[in-house]
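What's in coords-v3.txt: compact mmCIF, C-alpha atoms
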# COMPACT_ATOMS: atom_id res chain seq x y z
CA MET A 18 10.74 16.71 -28.09
CA ASP A 19 7.16 16.26 -26.99
CA PHE A 20 7.57 15.95 -23.23
CA GLN A 21 5.01 18.73 -22.88
CA SER A 22 2.24 16.62 -24.39
CA TYR A 23 3.07 13.66 -22.16
CA PHE A 24 3.22 15.55 -18.86
CA PRO A 25 -0.43 15.87 -17.82
CA ILE A 26 -0.25 19.13 -15.88
CA TRP A 27 2.18 21.01 -18.14
CA ASN A 28 -0.29 23.86 -18.60
CA LYS A 29 -0.65 24.33 -14.87
CA LEU A 30 3.05 25.15 -14.48
CA THR A 31 4.34 28.71 -14.52
CA ALA A 32 6.71 29.70 -17.32
CA SER A 33 9.61 29.61 -14.87
CA GLN A 34 8.67 26.11 -13.65
CA GLN A 35 8.39 24.91 -17.25
CA GLU A 36 11.86 26.26 -17.95
CA ARG A 37 13.37 24.59 -14.89
CA ILE A 38 11.95 21.23 -15.96
CA LEU A 39 12.95 21.51 -19.62
CA GLY A 40 16.41 22.71 -18.62
CA SER A 41 17.09 19.66 -16.43
CA LEU A 42 15.13 16.93 -18.21
CA MET A 43 16.99 13.84 -19.42
CA GLU A 44 15.80 11.46 -22.11
CA ARG A 45 16.91 7.81 -22.03
CA LYS A 46 16.53 4.65 -24.05
CA ILE A 47 16.89 1.60 -21.83
CA SER A 48 17.02 -2.03 -22.93
CA LYS A 49 14.62 -4.65 -21.68
CA GLY A 50 15.62 -6.34 -18.43
CA THR A 51 17.57 -3.44 -16.90
CA VAL A 52 17.17 -2.55 -13.22
CA ILE A 53 16.82 1.22 -13.36
CA HIS A 54 16.17 1.89 -9.71
CA ASN A 55 16.53 0.06 -6.46
CA GLY A 56 16.23 1.00 -2.84
CA SER A 57 19.95 1.34 -2.23
CA MET A 58 20.62 3.53 -5.27
CA ASP A 59 20.53 7.29 -5.19
CA CYS A 60 17.29 9.09 -5.79
CA THR A 61 16.95 8.51 -9.53
CA GLY A 62 14.28 11.12 -10.24
CA LEU A 63 10.72 10.99 -11.54
CA LEU A 64 10.32 8.80 -14.61
CA LEU A 65 7.78 9.53 -17.33
CA VAL A 66 7.37 6.60 -19.72
CA LYS A 67 7.29 7.59 -23.40
CA SER A 68 7.05 4.00 -24.61
CA GLY A 69 7.83 0.58 -23.18
CA GLN A 70 7.01 -1.16 -19.93
CA LEU A 71 8.31 -0.99 -16.36
CA ARG A 72 7.77 -3.30 -13.42
CA ALA A 73 7.94 -2.20 -9.79
CA TYR A 74 8.53 -4.95 -7.26
CA ILE A 75 9.80 -5.70 -3.77
CA LEU A 76 12.46 -8.20 -2.80
CA SER A 77 12.77 -10.37 0.29
CA ASP A 78 16.07 -10.96 2.07
CA GLU A 79 16.16 -14.36 0.38
CA GLY A 80 15.72 -12.83 -3.08
CA ARG A 81 12.04 -13.63 -3.56
CA GLU A 82 10.10 -11.04 -5.55
CA ILE A 83 6.54 -9.84 -5.91
CA THR A 84 5.32 -7.38 -8.54
CA LEU A 85 3.56 -4.34 -7.09
CA TYR A 86 2.44 -2.73 -10.35
CA ARG A 87 3.49 -2.09 -13.92
CA LEU A 88 3.86 1.16 -15.80
CA PHE A 89 3.08 1.73 -19.46
CA ASP A 90 3.16 4.62 -21.96
CA ARG A 91 2.43 8.01 -20.32
CA ASP A 92 2.66 6.57 -16.80
CA MET A 93 4.73 8.41 -14.25
CA CYS A 94 6.94 6.66 -11.71
CA LEU A 95 7.08 8.42 -8.36
CA PHE A 96 8.97 5.92 -6.20
CA SER A 97 12.15 6.21 -8.24
CA ALA A 98 12.26 9.64 -6.55
CA SER A 99 11.17 8.54 -3.08
CA CYS A 100 13.71 10.93 -1.51
CA ILE A 101 11.35 13.82 -2.33
CA MET A 102 9.11 12.74 0.57
CA ARG A 103 10.61 11.84 3.91
CA SER A 104 7.58 9.72 4.87
CA ILE A 105 8.20 7.18 2.09
CA GLN A 106 9.85 4.50 4.21
CA PHE A 107 9.96 1.58 1.83
CA GLU A 108 12.06 0.47 -1.07
CA VAL A 109 10.92 -0.68 -4.47
CA THR A 110 12.98 -1.98 -7.36
CA ILE A 111 12.09 -0.87 -10.87
CA GLU A 112 13.15 -2.67 -14.02
CA THR A 113 12.32 -2.45 -17.70
CA GLU A 114 10.18 -5.34 -18.96
CA LYS A 115 10.49 -4.11 -22.54
CA ASP A 116 12.83 -1.74 -24.35
CA THR A 117 11.76 1.57 -22.88
CA GLU A 118 12.09 5.25 -23.73
CA LEU A 119 11.56 7.59 -20.85
CA TRP A 120 12.21 11.05 -19.47
CA ILE A 121 13.81 11.65 -16.10
CA ILE A 122 12.93 14.75 -14.09
CA PRO A 123 15.65 15.23 -11.45
CA ALA A 124 14.26 14.69 -7.96
CA GLU A 125 15.43 18.05 -6.54
CA ILE A 126 13.86 20.01 -9.42
CA TYR A 127 10.52 18.24 -9.04
CA GLN A 128 10.64 18.59 -5.27
CA SER A 129 11.27 22.33 -5.35
CA ILE A 130 8.38 22.84 -7.79
CA MET A 131 6.07 20.60 -5.76
CA GLU A 132 6.78 22.62 -2.63
CA GLU A 133 5.63 25.86 -4.22
CA SER A 134 2.87 24.62 -6.55
CA ALA A 135 -0.50 23.35 -5.33
CA PRO A 136 -1.35 21.84 -8.77
CA VAL A 137 1.92 19.87 -8.89
CA SER A 138 1.52 18.74 -5.30
CA ASN A 139 -2.10 17.69 -5.89
CA TYR A 140 -1.08 15.84 -9.04
CA THR A 141 1.59 14.03 -7.01
CA ASN A 142 -1.10 13.11 -4.47
CA GLU A 143 -3.22 11.55 -7.20
CA LEU A 144 -0.19 9.64 -8.51
CA MET A 145 0.57 8.25 -5.08
CA ALA A 146 -3.10 7.38 -4.50
CA THR A 147 -3.10 5.43 -7.79
CA ARG A 148 -0.07 3.36 -6.74
CA PHE A 149 -1.55 2.96 -3.25
CA SER A 150 -4.71 1.58 -4.86
CA ASP A 151 -2.60 -0.86 -6.91
CA VAL A 152 -0.88 -2.10 -3.77
CA MET A 153 -4.16 -2.39 -1.84
CA TRP A 154 -5.59 -4.42 -4.71
CA LEU A 155 -2.53 -6.67 -4.50
CA MET A 156 -2.90 -6.96 -0.72
CA GLU A 157 -6.47 -8.17 -1.17
CA GLN A 158 -5.33 -10.70 -3.79
CA VAL A 159 -2.55 -12.01 -1.58
CA MET A 160 -4.73 -12.18 1.53
CA TRP A 161 -8.01 -13.52 0.24
CA LYS A 162 -7.39 -15.11 -3.15
CA SER A 163 -6.02 -18.60 -3.74
CA LEU A 164 -2.96 -19.02 -5.95
CA ASP A 165 -4.80 -20.78 -8.78
CA LYS A 166 -6.96 -17.71 -9.30
CA ARG A 167 -3.94 -15.41 -9.11
CA VAL A 168 -2.07 -17.44 -11.74
CA ALA A 169 -5.16 -17.44 -13.97
CA ALA A 170 -5.50 -13.65 -13.58
CA PHE A 171 -1.81 -13.18 -14.34
CA LEU A 172 -1.95 -15.25 -17.55
CA LEU A 173 -5.02 -13.32 -18.73
CA GLU A 174 -3.29 -10.01 -17.97
CA GLU A 175 -0.17 -11.06 -19.90
CA MET A 176 -2.33 -12.16 -22.83
CA SER A 177 -3.98 -8.74 -22.85
CA ILE A 178 -0.66 -6.81 -22.54
CA GLU A 179 1.14 -8.87 -25.19
CA GLY A 180 -1.83 -9.21 -27.53
CA THR A 181 -1.19 -12.92 -28.09
CA ASP A 182 -2.14 -16.25 -26.52
CA GLN A 183 1.43 -17.57 -26.99
CA LEU A 184 3.27 -16.25 -23.94
CA LYS A 185 7.07 -16.40 -23.91
CA ILE A 186 7.52 -16.50 -20.16
CA THR A 187 9.25 -18.86 -17.73
CA HIS A 188 7.70 -20.38 -14.63
CA GLU A 189 10.40 -18.62 -12.60
CA THR A 190 9.26 -15.23 -13.95
CA ILE A 191 5.64 -15.94 -13.03
CA ALA A 192 6.77 -16.95 -9.52
CA ASN A 193 8.65 -13.64 -9.23
CA HIS A 194 5.59 -11.66 -10.26
CA LEU A 195 3.34 -13.43 -7.78
CA GLY A 196 5.70 -13.78 -4.82
CA SER A 197 5.66 -17.56 -5.12
CA HIS A 198 8.15 -20.35 -5.87
CA ARG A 199 8.96 -21.82 -9.29
CA GLU A 200 8.04 -25.35 -8.22
CA VAL A 201 4.62 -24.22 -7.02
CA ILE A 202 3.91 -22.38 -10.28
CA THR A 203 5.03 -25.38 -12.35
CA ARG A 204 2.66 -27.63 -10.43
CA MET A 205 -0.19 -25.17 -10.93
CA LEU A 206 0.49 -24.81 -14.67
CA ARG A 207 0.54 -28.60 -15.10
CA TYR A 208 -2.83 -28.71 -13.38
CA PHE A 209 -4.07 -26.01 -15.81
CA GLN A 210 -2.71 -28.12 -18.68
CA ASN A 211 -4.55 -31.22 -17.46
CA GLU A 212 -7.72 -29.12 -17.33
CA GLY A 213 -7.16 -28.04 -20.95
CA MET A 214 -6.63 -24.35 -20.15
CA VAL A 215 -3.00 -24.06 -21.30
CA LYS A 216 -0.43 -26.00 -23.31
CA LEU A 217 3.13 -25.95 -21.97
CA SER A 218 6.31 -26.17 -23.99
CA ARG A 219 9.90 -25.01 -23.45
CA GLY A 220 9.89 -21.29 -22.54
CA MET A 221 6.31 -20.93 -23.76
CA ILE A 222 2.80 -21.09 -22.36
CA GLU A 223 -0.01 -21.24 -24.86
CA ILE A 224 -3.43 -20.28 -23.60
CA THR A 225 -5.87 -22.74 -25.10
CA ASP A 226 -9.03 -21.92 -23.15
CA ALA A 227 -9.11 -18.30 -21.99
CA GLU A 228 -12.78 -18.56 -21.11
CA LYS A 229 -12.11 -21.33 -18.60
CA LEU A 230 -9.29 -19.25 -17.07
CA GLU A 231 -11.74 -16.33 -16.77
CA GLU A 232 -14.25 -18.56 -15.04
CA LEU A 233 -11.64 -19.81 -12.59
CA ASN A 234 -10.58 -16.23 -11.89
CA ASP A 235 -14.17 -15.06 -11.31
CA MET A 236 -15.16 -17.99 -9.10
CA MET B 19 -10.61 24.23 22.03
CA ASP B 20 -7.04 23.41 21.17
CA PHE B 21 -7.44 22.01 17.66
CA GLN B 22 -4.84 24.53 16.51
CA SER B 23 -2.09 22.95 18.57
CA TYR B 24 -2.96 19.45 17.27
CA PHE B 25 -3.07 20.33 13.59
CA PRO B 26 0.58 20.34 12.49
CA ILE B 27 0.40 22.89 9.69
CA TRP B 28 -2.00 25.33 11.32
CA ASN B 29 0.48 28.19 10.95
CA LYS B 30 0.82 27.57 7.23
CA LEU B 31 -2.86 28.27 6.64
CA THR B 32 -4.13 31.70 5.64
CA ALA B 33 -6.49 33.47 8.02
CA SER B 34 -9.39 32.68 5.70
CA GLN B 35 -8.48 29.00 5.55
CA GLN B 36 -8.19 28.87 9.35
CA GLU B 37 -11.66 30.40 9.61
CA ARG B 38 -13.17 27.93 7.16
CA ILE B 39 -11.78 25.01 9.16
CA LEU B 40 -12.78 26.34 12.59
CA GLY B 41 -16.23 27.22 11.27
CA SER B 42 -16.93 23.68 10.06
CA LEU B 43 -14.99 21.56 12.55
CA MET B 44 -16.86 18.95 14.60
CA GLU B 45 -15.69 17.44 17.86
CA ARG B 46 -16.82 13.95 18.82
CA LYS B 47 -16.46 11.47 21.68
CA ILE B 48 -16.85 7.93 20.42
CA SER B 49 -16.99 4.77 22.53
CA LYS B 50 -14.61 1.89 22.09
CA GLY B 51 -15.64 -0.65 19.45
CA THR B 52 -17.57 1.70 17.15
CA VAL B 53 -17.17 1.49 13.38
CA ILE B 54 -16.79 5.13 12.41
CA HIS B 55 -16.13 4.71 8.72
CA ASN B 56 -16.51 2.02 6.14
CA GLY B 57 -16.20 1.91 2.39
CA SER B 58 -19.89 2.07 1.68
CA MET B 59 -20.54 5.02 3.98
CA ASP B 60 -20.45 8.59 2.83
CA CYS B 61 -17.21 10.49 2.90
CA THR B 62 -16.87 11.02 6.64
CA GLY B 63 -14.17 13.70 6.60
CA LEU B 64 -10.62 13.92 7.89
CA LEU B 65 -10.23 12.70 11.45
CA LEU B 66 -7.69 14.15 13.86
CA VAL B 67 -7.30 12.04 16.98
CA LYS B 68 -7.21 14.04 20.21
CA SER B 69 -6.98 10.96 22.40
CA GLY B 70 -7.77 7.29 22.02
CA GLN B 71 -6.98 4.66 19.43
CA LEU B 72 -8.31 3.82 15.95
CA ARG B 73 -7.78 0.77 13.81
CA ALA B 74 -7.95 0.77 10.00
CA TYR B 75 -8.57 -2.59 8.36
CA ILE B 76 -9.83 -4.30 5.23
CA LEU B 77 -12.52 -6.96 5.04
CA SER B 78 -12.84 -9.93 2.70
CA ASP B 79 -16.16 -10.99 1.16
CA GLU B 80 -16.25 -13.77 3.76
CA GLY B 81 -15.82 -11.31 6.62
CA ARG B 82 -12.13 -11.94 7.34
CA GLU B 83 -10.17 -8.91 8.50
CA ILE B 84 -6.60 -7.68 8.49
CA THR B 85 -5.37 -4.58 10.29
CA LEU B 86 -3.59 -2.09 8.03
CA TYR B 87 -2.45 0.36 10.69
CA ARG B 88 -3.48 2.01 13.94
CA LEU B 89 -3.83 5.68 14.80
CA PHE B 90 -3.04 7.28 18.13
CA ASP B 91 -3.09 10.76 19.70
CA ARG B 92 -2.35 13.51 17.16
CA ASP B 93 -2.60 11.14 14.19
CA MET B 94 -4.66 12.19 11.22
CA CYS B 95 -6.87 9.80 9.29
CA LEU B 96 -7.00 10.52 5.57
CA PHE B 97 -8.90 7.53 4.22
CA SER B 98 -12.07 8.41 6.09
CA ALA B 99 -12.17 11.19 3.48
CA SER B 100 -11.09 9.15 0.48
CA CYS B 101 -13.60 11.01 -1.71
CA ILE B 102 -11.24 13.99 -1.76
CA MET B 103 -9.01 12.13 -4.22
CA ARG B 104 -10.53 10.31 -7.15
CA SER B 105 -7.51 7.98 -7.45
CA ILE B 106 -8.15 6.35 -4.08
CA GLN B 107 -9.83 3.19 -5.34
CA PHE B 108 -9.95 1.07 -2.21
CA GLU B 109 -12.05 0.84 0.88
CA VAL B 110 -10.92 0.72 4.46
CA THR B 111 -12.98 0.32 7.60
CA ILE B 112 -12.08 2.37 10.65
CA GLU B 113 -13.15 1.56 14.19
CA THR B 114 -12.32 2.84 17.64
CA GLU B 115 -10.18 0.40 19.68
CA LYS B 116 -10.48 2.61 22.77
CA ASP B 117 -12.80 5.42 23.81
CA THR B 118 -11.72 8.16 21.46
CA GLU B 119 -12.01 11.93 21.22
CA LEU B 120 -11.48 13.35 17.76
CA TRP B 121 -12.10 16.26 15.46
CA ILE B 122 -13.71 15.88 12.06
CA ILE B 123 -12.82 18.28 9.24
CA PRO B 124 -15.53 17.98 6.58
CA ALA B 125 -14.14 16.48 3.38
CA GLU B 126 -15.28 19.27 1.07
CA ILE B 127 -13.70 21.98 3.25
CA TYR B 128 -10.36 20.15 3.40
CA GLN B 129 -10.49 19.41 -0.32
CA SER B 130 -11.09 23.02 -1.31
CA ILE B 131 -8.20 24.19 0.88
CA MET B 132 -5.91 21.44 -0.43
CA GLU B 133 -6.61 22.47 -4.01
CA GLU B 134 -5.44 26.03 -3.41
CA SER B 135 -2.69 25.49 -0.82
CA ALA B 136 0.67 23.88 -1.62
CA PRO B 137 1.52 23.41 2.10
CA VAL B 138 -1.77 21.60 2.79
CA SER B 139 -1.38 19.47 -0.33
CA ASN B 140 2.24 18.60 0.55
CA TYR B 141 1.20 17.77 4.10
CA THR B 142 -1.49 15.46 2.67
CA ASN B 143 1.19 13.83 0.50
CA GLU B 144 3.31 13.10 3.56
CA LEU B 145 0.27 11.69 5.37
CA MET B 146 -0.50 9.36 2.50
CA ALA B 147 3.15 8.34 2.21
CA THR B 148 3.14 7.42 5.90
CA ARG B 149 0.11 5.16 5.50
CA PHE B 150 1.56 3.77 2.27
CA SER B 151 4.72 2.88 4.21
CA ASP B 152 2.60 1.15 6.88
CA VAL B 153 0.86 -0.94 4.22
CA MET B 154 4.15 -1.79 2.46
CA TRP B 155 5.56 -2.92 5.80
CA LEU B 156 2.49 -5.12 6.24
CA MET B 157 2.84 -6.48 2.70
CA GLU B 158 6.41 -7.54 3.48
CA GLN B 159 5.25 -9.20 6.71
CA VAL B 160 2.47 -11.08 4.98
CA MET B 161 4.64 -12.14 2.05
CA TRP B 162 7.93 -13.06 3.69
CA LYS B 163 7.29 -13.62 7.39
CA SER B 164 5.91 -16.78 8.95
CA LEU B 165 2.83 -16.55 11.18
CA ASP B 166 4.67 -17.45 14.42
CA LYS B 167 6.84 -14.34 14.03
CA ARG B 168 3.84 -12.18 13.17
CA VAL B 169 1.94 -13.38 16.27
CA ALA B 170 5.04 -12.75 18.41
CA ALA B 171 5.41 -9.24 16.96
CA PHE B 172 1.71 -8.54 17.54
CA LEU B 173 1.84 -9.61 21.21
CA LEU B 174 4.92 -7.43 21.80
CA GLU B 175 3.21 -4.48 20.10
CA GLU B 176 0.10 -4.92 22.25
CA MET B 177 2.25 -5.14 25.38
CA SER B 178 3.91 -1.87 24.43
CA ILE B 179 0.62 -0.08 23.57
CA GLU B 180 -1.20 -1.28 26.70
CA GLY B 181 1.77 -0.97 29.04
CA THR B 182 1.09 -4.35 30.64
CA ASP B 183 2.03 -8.00 30.08
CA GLN B 184 -1.55 -9.10 30.89
CA LEU B 185 -3.39 -8.69 27.60
CA LYS B 186 -7.19 -8.80 27.60
CA ILE B 187 -7.64 -10.00 24.06
CA THR B 188 -9.38 -12.94 22.39
CA HIS B 189 -7.84 -15.30 19.87
CA GLU B 190 -10.52 -14.18 17.41
CA THR B 191 -9.37 -10.55 17.72
CA ILE B 192 -5.75 -11.51 17.05
CA ALA B 193 -6.88 -13.48 13.99
CA ASN B 194 -8.74 -10.38 12.75
CA HIS B 195 -5.66 -8.21 13.18
CA LEU B 196 -3.43 -10.63 11.30
CA GLY B 197 -5.79 -11.79 8.56
CA SER B 198 -5.78 -15.33 9.93
CA HIS B 199 -8.28 -17.79 11.45
CA ARG B 200 -9.08 -18.21 15.14
CA GLU B 201 -8.21 -21.92 15.14
CA VAL B 202 -4.78 -21.18 13.67
CA ILE B 203 -4.06 -18.49 16.27
CA THR B 204 -5.21 -20.76 19.11
CA ARG B 205 -2.84 -23.49 17.94
CA MET B 206 0.03 -21.01 17.72
CA LEU B 207 -0.66 -19.58 21.19
CA ARG B 208 -0.72 -23.08 22.68
CA TYR B 209 2.65 -23.72 21.09
CA PHE B 210 3.89 -20.44 22.64
CA GLN B 211 2.50 -21.61 25.99
CA ASN B 212 4.33 -24.94 25.72
CA GLU B 213 7.52 -22.98 25.01
CA GLY B 214 6.95 -20.89 28.15
CA MET B 215 6.46 -17.61 26.33
CA VAL B 216 2.83 -16.99 27.34
CA LYS B 217 0.25 -18.23 29.79
CA LEU B 218 -3.30 -18.56 28.48
CA SER B 219 -6.49 -18.16 30.48
CA ARG B 220 -10.06 -17.19 29.65
CA GLY B 221 -10.03 -13.88 27.68
CA MET B 222 -6.46 -13.20 28.75
CA ILE B 223 -2.95 -13.79 27.48
CA GLU B 224 -0.15 -13.23 29.94
CA ILE B 225 3.29 -12.69 28.46
CA THR B 226 5.69 -14.64 30.62
CA ASP B 227 8.87 -14.44 28.52
CA ALA B 228 8.97 -11.30 26.37
CA GLU B 229 12.65 -11.83 25.62
CA LYS B 230 11.98 -15.20 24.02
CA LEU B 231 9.17 -13.63 21.94
CA GLU B 232 11.62 -10.92 20.82
CA GLU B 233 14.13 -13.58 19.81
CA LEU B 234 11.52 -15.46 17.80
CA ASN B 235 10.48 -12.22 16.10
CA ASP B 236 14.09 -11.30 15.25
CA MET B 237 15.06 -14.73 13.97

Here is the file; what I need is its structure written in the form of structure tokens.
Amino acid sequence: MDFQSYFPIWNKLTASQQERILGSLMERKISKGTVIHNGSMDCTGLLLVKSGQLRAYILSDEGREITLYRLFDRDMCLFSASCIMRSIQFEVTIETEKDTELWIIPAEIYQSIMEESAPVSNYTNELMATRFSDVMWLMEQVMWKSLDKRVAAFLLEEMSIEGTDQLKITHETIANHLGSHREVITRMLRYFQNEGMVKLSRGMIEITDAEKLEELNDM
Amino acid sequence: MDFQSYFPIWNKLTASQQERILGSLMERKISKGTVIHNGSMDCTGLLLVKSGQLRAYILSDEGREITLYRLFDRDMCLFSASCIMRSIQFEVTIETEKDTELWIIPAEIYQSIMEESAPVSNYTNELMATRFSDVMWLMEQVMWKSLDKRVAAFLLEEMSIEGTDQLKITHETIANHLGSHREVITRMLRYFQNEGMVKLSRGMIEITDAEKLEELNDM
């Protein structure tokens, strides 16, 4: 087990704190497309991603979604343990976007260590500030940026994450990432196709002019 | 000076930490309508409101605004000292909405105490989680709630803060709170007036049917 090399402040823990974590740590392999935490579930614990990809999103009463941020290898998920701070008054849902291996630190263990350790508490502060920055970035996108630019940015991000210009993704999924509706995304993608930026086929979007998408995004 | 009774974790500080804060603390009286912090300014320090009202907002490149949250007596403003955490990668502007008395704790003093003190660091965590919750609430409003409900909610909030149903506020100011345009707000308020919920006059909005506004907001 190499949890120690993945947990960034391992060396700032006391021997007793290290023991408490190792003694309670759980390792899990979770298939793609699994909801591993949602607001109404119990406090799942802190998740440390060994490999894979997670998506954190919020849901409206009508079932609409918008992606808040994604987590990759070595990222730590704090809001799956939101019970450790009473001031966290919102609910996020977390699902695996790829087959994922991760460690779970039980919430009560982490909380008790955070209460006594300035390094752990300060690390938690930085984690929260990182997610806060992600959400503020999203707020700026949603408030000031038109949907065409947001779709362009999303396609470019997917291309970079997947390492291919052939994206296996549905219009519905894109709508759920961006907090939009499938019909609106379909219309936008057809416009992109007419402009020569993408080529659409069943369950697939091929990016044919990434440079033009970049230009649209930067405009 | 009664800073001690306003600062919620005063008793959890060591004598030396208390001395460092008292020795560097500044007290200020600031008139209504003053920008006291913006992203491009230096790290102002942590603000503790003695009395008055602050507004934190973000600005688009085109000068549009949206209010993130407001701070009242005894509230602490963390993002005026965003330099204390390197992961805070966003900029907020803070202005006084009323004549305000506040204390400023210099950023470097707070930061050095936070680094060594688990209670101060955990308190900072709770502060950030509170603001994060405010912003997540706003995100849900912006994403899932129509503008008529948001205007209704804003008028009711103002009525509660000001303790009167005669609000001295311009349509432009409401637009800046809600991230909208003046013309759009004017149209909405006229609709409210036709429905008998408000009465508009120069520089003033009188709330004539708060119950109906509540109903609209709850729908």

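Once region 148-165 of chain A and its same-chain neighbours fewer than 4 positions away are set aside, Leu85, Tyr86, Leu144, Ala169 and Met205 of chain A; Ser78, Ile106, Gln107, Phe108, Phe150 and Met157 of chain B remain within 7 Å of it when counting only C-alpha atoms.
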
Could you turn the residues from that selection into a file that holds C-alpha atoms, as a JSON list (two decimals), keeping the file's coordinate frame?
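Okay, out_32.json is ready:
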[["chain", "number", "residue", "atom", "x", "y", "z"],
["A", 85, "LEU", "CA", 3.56, -4.34, -7.09],
["A", 86, "TYR", "CA", 2.44, -2.73, -10.35],
["A", 144, "LEU", "CA", -0.19, 9.64, -8.51],
["A", 169, "ALA", "CA", -5.16, -17.44, -13.97],
["A", 205, "MET", "CA", -0.19, -25.17, -10.93],
["B", 78, "SER", "CA", -12.84, -9.93, 2.70],
["B", 106, "ILE", "CA", -8.15, 6.35, -4.08],
["B", 107, "GLN", "CA", -9.83, 3.19, -5.34],
["B", 108, "PHE", "CA", -9.95, 1.07, -2.21],
["B", 150, "PHE", "CA", 1.56, 3.77, 2.27],
["B", 157, "MET", "CA", 2.84, -6.48, 2.70]]

So that I can check the surroundings of Ile38 (chain A), please list as an MDAnalysis selection string every protein, DNA and RNA residue that reaches within 9 Å of it, counting all atoms listed in the file and ignoring chain neighbours fewer than 5 positions away. chainID A and resid 33 122:123 126:127

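If we count all atoms listed in the file, these residues of chain B sit within 6 Å of chain A: Ser105, Ile106, Gln107, Phe108, Glu134, Ser135, Ala136, Ser139, Asn140, Asn143, Glu144, Ala147, Thr148 and Ser151 of chain B.
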
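Of the residues under consideration (A:Ile26, A:Thr190, A:Ile47, A:Leu217), A:Thr190 shows the shortest atom-to-atom contact distance to Glu175 (chain A) when counting all atoms listed in the file.
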
Show me, as lines of an AutoDock Vina configuration file, the centre and edge lengths in Å to one decimal of the axis-aligned box that covers every listed atom of region 141-144 of chain A with 3 Å on each side.
center_x = -0.8
center_y = 11.8
center_z = -6.5
size_x = 10.8
size_y = 10.4
size_z = 10.0

What does the distance between CA of Arg199 (chain A) and CA of Leu233 (chain A) come to in Å, to one decimal place? 21.0 Å

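For the pair CA of Leu231 (chain B) and CA of Gln71 (chain B), the separation is 24.5 Å.
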
Please provide as a ChimeraX atom specification all residues within 12 Å of region 63-65 of chain A, with the sequence filter that same-chain residues fewer than 6 positions apart are discarded (counting only C-alpha atoms). /A:19-25,38,41-45,53-54,71,88-101,111-113,117-128,141,144

CA of Met221 (chain A) to CA of Glu179 (chain A): how many Å, to one decimal?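 Value for the CA of Met221 (chain A)-CA of Glu179 (chain A) distance: 13.2 Å.
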
Go through B:Glu37, B:Val169, B:Ser69, B:Gln184 one by one, measure the shortest atom-to-atom distance of each to Val202 (chain B) using all atoms listed in the file, and give the residue with the smallest value.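 Closest candidate: B:Val169.
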
Neighbours of Ala228 (chain B) within 12 Å (only C-alpha atoms; same-chain residues fewer than 6 positions away dropped), as a PDB file with C-alpha atoms, in the frame of the given file?
ATOM      1  CA  ALA B 170       5.040 -12.750  18.410  1.00  0.00           C
ATOM      2  CA  ALA B 171       5.410  -9.240  16.960  1.00  0.00           C
ATOM      3  CA  PHE B 172       1.710  -8.540  17.540  1.00  0.00           C
ATOM      4  CA  LEU B 173       1.840  -9.610  21.210  1.00  0.00           C
ATOM      5  CA  LEU B 174       4.920  -7.430  21.800  1.00  0.00           C
ATOM      6  CA  GLU B 175       3.210  -4.480  20.100  1.00  0.00           C
ATOM      7  CA  GLU B 176       0.100  -4.920  22.250  1.00  0.00           C
ATOM      8  CA  MET B 177       2.250  -5.140  25.380  1.00  0.00           C
ATOM      9  CA  SER B 178       3.910  -1.870  24.430  1.00  0.00           C
ATOM     10  CA  THR B 182       1.090  -4.350  30.640  1.00  0.00           C
ATOM     11  CA  ASP B 183       2.030  -8.000  30.080  1.00  0.00           C
ATOM     12  CA  GLN B 184      -1.550  -9.100  30.890  1.00  0.00           C
ATOM     13  CA  PHE B 210       3.890 -20.440  22.640  1.00  0.00           C
ATOM     14  CA  GLU B 213       7.520 -22.980  25.010  1.00  0.00           C
ATOM     15  CA  GLY B 214       6.950 -20.890  28.150  1.00  0.00           C
ATOM     16  CA  MET B 215       6.460 -17.610  26.330  1.00  0.00           C
ATOM     17  CA  VAL B 216       2.830 -16.990  27.340  1.00  0.00           C
ATOM     18  CA  LYS B 217       0.250 -18.230  29.790  1.00  0.00           C
ATOM     19  CA  LEU B 234      11.520 -15.460  17.800  1.00  0.00           C
ATOM     20  CA  ASN B 235      10.480 -12.220  16.100  1.00  0.00           C
TER      21      ASN B 235
END

For Ile187 (chain B), find every residue with an atom within 8 Å (counting all atoms listed in the file), except residues of its own chain fewer than 2 positions away, and show them as a ChimeraX atom specification. /B:185,189,191-192,221-223

My structure is short of atoms at region 70-75 of chain A; please model N, CA and C atoms there, returning them as a short mmCIF file (atom, residue, chain, number, x, y, z; two decimals), in the coordinates of the input.
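Final output, rebuild25.cif:
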data_model
loop_
_atom_site.label_atom_id
_atom_site.label_comp_id
_atom_site.auth_asym_id
_atom_site.auth_seq_id
_atom_site.Cartn_x
_atom_site.Cartn_y
_atom_site.Cartn_z
N GLN A 70 7.71 -0.54 -21.06
CA GLN A 70 7.01 -1.16 -19.93
C GLN A 70 7.96 -1.32 -18.75
N LEU A 71 7.52 -0.85 -17.59
CA LEU A 71 8.31 -0.99 -16.36
C LEU A 71 7.57 -1.87 -15.37
N ARG A 72 8.36 -2.48 -14.49
CA ARG A 72 7.77 -3.30 -13.42
C ARG A 72 8.35 -2.81 -12.10
N ALA A 73 7.49 -2.57 -11.14
CA ALA A 73 7.94 -2.20 -9.79
C ALA A 73 7.69 -3.38 -8.87
N TYR A 74 8.70 -3.78 -8.12
CA TYR A 74 8.53 -4.95 -7.26
C TYR A 74 9.32 -4.80 -5.97
N ILE A 75 9.00 -5.65 -4.99
CA ILE A 75 9.80 -5.70 -3.77
C ILE A 75 10.50 -7.04 -3.70
#
